[in-house]
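Chemist: The structure is given below, and queries will be raised subsequently.
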Number of protein chains: 2
Amino acid sequence: MNSDSTDTAELSRPARRQAEIAAYVVEHGSVSANDLVEAFGVSVMTVHRDLDELERQGVVRKYRGGVTAQPTSVFESNVAYRLNTAQAEKAALARHARAMIEPGMSVMLDDSTSALALVELFEDITPLTVATNFLPAISRLTELRGVTLLALGGIYSPTHDSFGGMPCAEAVQALHTDLLFCSVSAVSPTHAFHQEQEIVLVKQAMLRSARTKVLLVDHGKLQRTALHRLAPLTDFDVVVVDERTPADLVRSLRDNGATVEVAHL
Amino acid sequence: MNSDSTDTAELSRPARRQAEIAAYVVEHGSVSANDLVEAFGVSVMTVHRDLDELERQGVVRKYRGGVTAQPTSVFESNVAYRLNTAQAEKAALARHARAMIEPGMSVMLDDSTSALALVELFEDITPLTVATNFLPAISRLTELRGVTLLALGGIYSPTHDSFGGMPCAEAVQALHTDLLFCSVSAVSPTHAFHQEQEIVLVKQAMLRSARTKVLLVDHGKLQRTALHRLAPLTDFDVVVVDERTPADLVRSLRDNGATVEVAHL
DNA sequence: GCTTCTTATCGTGATCTGATGTTATGTTAT
DNA sequence: ATAACATAACATCAGATCACGATAAGAAGC
């Protein structure tokens with residue numbers, strides 16, 4: 001019996017611990033290596049290795065004697081953190097999304113963990129053309145026969161494990177796909193939001209380069225906002241939410257004109 | 001003591017066997033699964049798995065009862081095959097190339113195994129900006145701190161394990177790097193050649209997008225030609241050959257105006 | 001210079017994945 | 001229909017890698 005309540009599964013032990021350390025650092029603002037040794041019961045060496053990795057991802061900054069947290073936006077867009085969150089919901093969203101895809105279509109995916117869940121379902125919808133800037137998705141897709149993979153290049157971001165920046169936006173612009181599945185970090189009743197300017201740029205380009213646009217939203221994202229407004233929800237042809245979304249929130253989205261579908265676990 | 005004469009090392013067992021099977025098929029034109037079972041002493045299942053993989057890479061075509069070879073050009077550009085070839089030479093070329101790189105530079109790499117060897121030497125030339133369309137190189141570079149990775153996207157080719165096509169050429173066009181390291185499949189005294197149109201396109205774009213162009217050539221490539229002419233050797237600022245290149249060939253290259261440097265094992 | 005913190009290197013144990021065969025279940029030809 | 005072939009679905013084994021800590025060597029600050 002695994003008694004974990006919400007998250008922590010699926011991730012390797014060190015990755016999980018790193019995510020926890022990251023949370024700890026974000027909460028405390030600034031801590032020493034020894035604090036972490038005590039808090040997590042591992043050796044100094046291991047703490048340092050974890051911190052190195054987190055620094056590589058841009059989540060913390062090291063200095064002699066400890067580390068400080070970077071802006072929480074970075075923490076929240078951290079891949080490891082996101083992979084930890086709402087997996088069941090994402091799987092449900094992916095299953096729902098899968099039904100929209102017909103063999104022969106071209107599909108664009110953004111660098112979201114929801115999109116990654118979707119990739120696992122592609123094996124038997126072939127042939128399929130898939131464009132994405134998300135490295136884990138790319139790696140996985142290279143192994144699938146029947147899938148034409150179009151990698152969207154750009155500047156690599158260790159935080160997101162994806163490619164972005166202007167080169168990526170340009171690559172997106174040169175395409176046009178039948179479908180787009182994407183996700184964001186926050187959704188108000190009227191708009192989709194994201195913390196990072198750079199990411200917003202790419203996602204907006206994607207919105208311009210697809211015929212049917214689908215937004216995948218697990219209920220944790222709702223009623224939050226983030227710095228940058230990405231697009232009104234009415235720009236999406238469909239907004240898919242998971243079953244655990246409160247009914248009044250779904251109502252509220254619909255009242256504002258969005259086409260909402262509920263994915264069942 | 002490893003008594004292998006020329007190749008077969010560095011590759012995982014199945015990958016090596018697959019390369020050997022590919023060679024066997026190319027030689028015989030068309031063979032049955034059972035033939036291969038006897039020839040290689042593995043089970044039918046394993047043979048089929050190998051053949052599936054080779055088919056995915058485009059090297060053979062399966063039909064009920066056996067497989068046929070695809071054009072040898074595909075075989076020759078197969079990644080596994082190339083990885084099998086002239087490793088020591090490539091390492092030497094890479095070491096020589098490394099000396100041309102200064103911290104802070106931007107470097108472009110094509111999808112060649114020589115370039116891959118070079119990546120391994122990047123760790124301590126940081127900071128560095130590296131652009132490449134070769135997936136193994138990309139994967140490796142994501143792990144390096146101090147390296148800004150610019151992935152060149154495009155259509156994935158299982159045969160080369162890289163991205164290509166027009167999207168890739170466009171991505172290349174939008175850049176300009178200090179250095180370019182690339183390789184080709186054949187080099188005459190005056191020109192560089194490659195079998196595949198698509199690859200040629202990308203490589204030519206790369207040539208236009210770099211200030212200093214370096215061609216890495218192991219001696220196996222010399223005095224061969226391939227279908228498509230890529231560029232005159234004089235387009236390269238430097239042509240690096242390995243130590244085992246016959247002196248008269250080096251002479252011949254120089255007589256034709258190329259700047260040749262010899263990399264020492 | 002001394003202390004404290006950090007990194008490098010190596011050994012080891014645990015864990016994972018990969019590779020393979022076997023058996024069983026399709027599929028396709030004749 | 002039945003034989004030959006192909007695939008799917010486990011089970012197993014080996015090898016490799018990973019994670020981690022201990023120790024030692026190396027910076028950075030006081």
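Chains: A, B, ... in order of the structure tokens. Residues: from 1 per chain. Ligands: from 1, in order shown.
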Identify, on the basis of only C-alpha atoms (C1' of nucleotides), every residue whose closest approach to C:DT15 does not exceed 12 Å; exclude the query and any residue fewer than 4 positions from it along the same chain; express the result as a ChimeraX atom specification.
Modeler: /A:12-13 /D:16-19
Chemist: Could the residues in this selection be written to a file with N, CA and C atoms (P, O5', C5', C4', C3', O3' and C1' of nucleotides), as a compact mmCIF listing (two decimals), in the first residue's frame?
Modeler:
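Writing done, so here's out17.txt:
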# COMPACT_ATOMS: atom_id res chain seq x y z
N SER A 12 12.33 9.17 -10.06
CA SER A 12 13.41 8.44 -9.41
C SER A 12 13.71 9.07 -8.06
N ARG A 13 14.30 8.28 -7.21
CA ARG A 13 14.53 8.76 -5.84
C ARG A 13 15.29 10.08 -5.79
P DA D 16 29.08 -4.41 -19.51
O5' DA D 16 28.20 -3.15 -19.11
C5' DA D 16 26.97 -2.92 -19.82
C4' DA D 16 26.18 -1.85 -19.12
C3' DA D 16 27.04 -0.69 -18.61
O3' DA D 16 26.44 0.52 -19.06
C1' DA D 16 25.69 -1.57 -16.84
P DT D 17 27.24 1.88 -18.92
O5' DT D 17 26.19 2.79 -18.18
C5' DT D 17 24.82 2.37 -18.13
C4' DT D 17 24.23 2.74 -16.79
C3' DT D 17 24.81 4.04 -16.22
O3' DT D 17 23.74 4.95 -16.13
C1' DT D 17 24.61 2.34 -14.55
P DC D 18 23.95 6.41 -15.64
O5' DC D 18 23.34 6.30 -14.17
C5' DC D 18 22.30 5.35 -13.99
C4' DC D 18 21.89 5.36 -12.54
C3' DC D 18 22.12 6.69 -11.84
O3' DC D 18 20.95 6.99 -11.12
C1' DC D 18 23.30 4.92 -10.70
P DA D 19 20.81 8.41 -10.49
O5' DA D 19 21.11 8.08 -8.97
C5' DA D 19 20.42 7.00 -8.39
C4' DA D 19 21.02 6.72 -7.03
C3' DA D 19 21.32 7.96 -6.20
O3' DA D 19 20.77 7.76 -4.93
C1' DA D 19 23.24 6.59 -6.32
Chemist: Restrict the calculation to only C-alpha atoms (C1' of nucleotides), then for each residue of chain A with any atom at most 10 Å from an atom of chain D give the closest atom pair and their distance in Å to one decimal, rows by chain and rising residue number, as a Markdown table.
Modeler:
| residue | atom | partner | partner_atom | distance |
| --- | --- | --- | --- | --- |
| A:Arg13 | CA | D:DA19 | C1' | 9.0 |
| A:Pro14 | CA | D:DA19 | C1' | 7.8 |
| A:Val42 | CA | D:DC20 | C1' | 8.4 |
| A:Ser43 | CA | D:DG21 | C1' | 6.6 |
| A:Val44 | CA | D:DG21 | C1' | 8.9 |
| A:Met45 | CA | D:DG21 | C1' | 7.6 |
| A:Thr46 | CA | D:DC20 | C1' | 6.8 |
| A:Arg64 | CA | D:DA28 | C1' | 7.9 |
Chemist: Take the residues from that selection and put them in a file with C-alpha atoms, as a PDB file, in the first residue's frame.
Modeler:
ATOM      1  CA  ARG A  13      14.529   8.756  -5.844  1.00  0.00           C
ATOM      2  CA  PRO A  14      17.180  11.431  -6.350  1.00  0.00           C
ATOM      3  CA  VAL A  42      21.915  12.143   3.234  1.00  0.00           C
ATOM      4  CA  SER A  43      25.598  12.922   3.054  1.00  0.00           C
ATOM      5  CA  VAL A  44      27.068  16.296   2.296  1.00  0.00           C
ATOM      6  CA  MET A  45      28.340  15.019  -0.965  1.00  0.00           C
ATOM      7  CA  THR A  46      24.886  14.008  -2.086  1.00  0.00           C
ATOM      8  CA  ARG A  64      29.904  29.545  -0.492  1.00  0.00           C
TER       9      ARG A  64
END
Chemist: Select residues of chain C: the criterion is any atom within 9 Å of an atom of chain B, counting only C-alpha atoms (C1' of nucleotides); output as a list in words.
Modeler: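 Output check: DA19, DT20, DG21 and DT28 of chain C.
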Chemist: Smallest atom-to-atom distance to chain B: which of A:Leu144, A:Val60, A:Ala91, A:Ala69, using only C-alpha atoms?
Modeler: A:Leu144
Chemist: If we count only C-alpha atoms (C1' of nucleotides), what is near stretch 124-135 of chain B at a cut-off of 8 Å, once residues fewer than 6 positions away on the same chain are taken out, given as a list of chain:residue names?
Modeler: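 Close residues of stretch 124-135 of chain B: B:Ile101, B:Glu102, B:Pro103, B:Gly104, B:Met105, B:Ser106, B:Val107, B:Met108, B:Leu109, B:Asp110, B:Asp111, B:Ser112, B:Gly146, B:Val147, B:Thr148, B:Leu149, B:Leu150, B:Ala151, B:Leu152, B:Gly153, B:Gly154, B:Asp161, B:Ser162, B:Phe163, B:Gly164, B:Cys168.
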Chemist: Stretch 146-184 of chain B: which residues are helix (DSSP H, G or I) by DSSP, as a VMD selection string?
Modeler: chain B and resid 165 to 173
Chemist: The selected residues should be written to file as a PDB file, in the first residue's frame (atoms: N, CA and C atoms).
Modeler:
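Final output, selection.pdb:
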ATOM      1  N   GLY B 165      16.034  18.065 -43.635  1.00  0.00           N
ATOM      2  CA  GLY B 165      14.976  18.623 -44.465  1.00  0.00           C
ATOM      3  C   GLY B 165      14.970  20.132 -44.472  1.00  0.00           C
ATOM      4  N   MET B 166      13.958  20.659 -45.102  1.00  0.00           N
ATOM      5  CA  MET B 166      13.870  22.107 -45.234  1.00  0.00           C
ATOM      6  C   MET B 166      13.797  22.831 -43.890  1.00  0.00           C
ATOM      7  N   PRO B 167      13.004  22.358 -42.977  1.00  0.00           N
ATOM      8  CA  PRO B 167      12.941  23.056 -41.693  1.00  0.00           C
ATOM      9  C   PRO B 167      14.328  23.219 -41.077  1.00  0.00           C
ATOM     10  N   CYS B 168      15.135  22.191 -41.238  1.00  0.00           N
ATOM     11  CA  CYS B 168      16.476  22.258 -40.664  1.00  0.00           C
ATOM     12  C   CYS B 168      17.334  23.271 -41.413  1.00  0.00           C
ATOM     13  N   ALA B 169      17.276  23.221 -42.721  1.00  0.00           N
ATOM     14  CA  ALA B 169      18.059  24.155 -43.526  1.00  0.00           C
ATOM     15  C   ALA B 169      17.699  25.602 -43.174  1.00  0.00           C
ATOM     16  N   GLU B 170      16.418  25.815 -42.953  1.00  0.00           N
ATOM     17  CA  GLU B 170      15.993  27.172 -42.580  1.00  0.00           C
ATOM     18  C   GLU B 170      16.548  27.595 -41.231  1.00  0.00           C
ATOM     19  N   ALA B 171      16.515  26.661 -40.316  1.00  0.00           N
ATOM     20  CA  ALA B 171      17.046  26.962 -38.979  1.00  0.00           C
ATOM     21  C   ALA B 171      18.523  27.318 -39.060  1.00  0.00           C
ATOM     22  N   VAL B 172      19.228  26.589 -39.905  1.00  0.00           N
ATOM     23  CA  VAL B 172      20.653  26.852 -40.076  1.00  0.00           C
ATOM     24  C   VAL B 172      20.865  28.236 -40.661  1.00  0.00           C
ATOM     25  N   GLN B 173      20.058  28.536 -41.630  1.00  0.00           N
ATOM     26  CA  GLN B 173      20.174  29.797 -42.346  1.00  0.00           C
ATOM     27  C   GLN B 173      20.044  31.000 -41.421  1.00  0.00           C
TER      28      GLN B 173
END
Chemist: For the atom pair atom CA of A:Val260 and atom CA of A:Leu175, what is the interatomic distance in Å to one decimal place?
Modeler: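 Between atom CA of A:Val260 and atom CA of A:Leu175 the gap works out to 26.6 Å.
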Chemist: Would you please extract all strand (DSSP E) residues from stretch 65-170 of chain B, as assigned by DSSP on the backbone, and give them as a ChimeraX atom specification?
Modeler: /B:66-69,106-109,128-132,147-151,154-157,162-164
Chemist: Under the rule that only C-alpha atoms are counted, which of A:Ala33, A:Val184, A:Ala226, A:Val241 is the nearest residue to A:Ala92?
Modeler: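 Closest candidate: A:Val241.
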Chemist: Determine the nearest neighbour of chain A from the options B:Arg95, B:Lys221, B:His48, B:Arg145, counting only C-alpha atoms.
Modeler: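 Of B:Arg95, B:Lys221, B:His48, B:Arg145, the one nearest chain A is B:Arg145, counting only C-alpha atoms.
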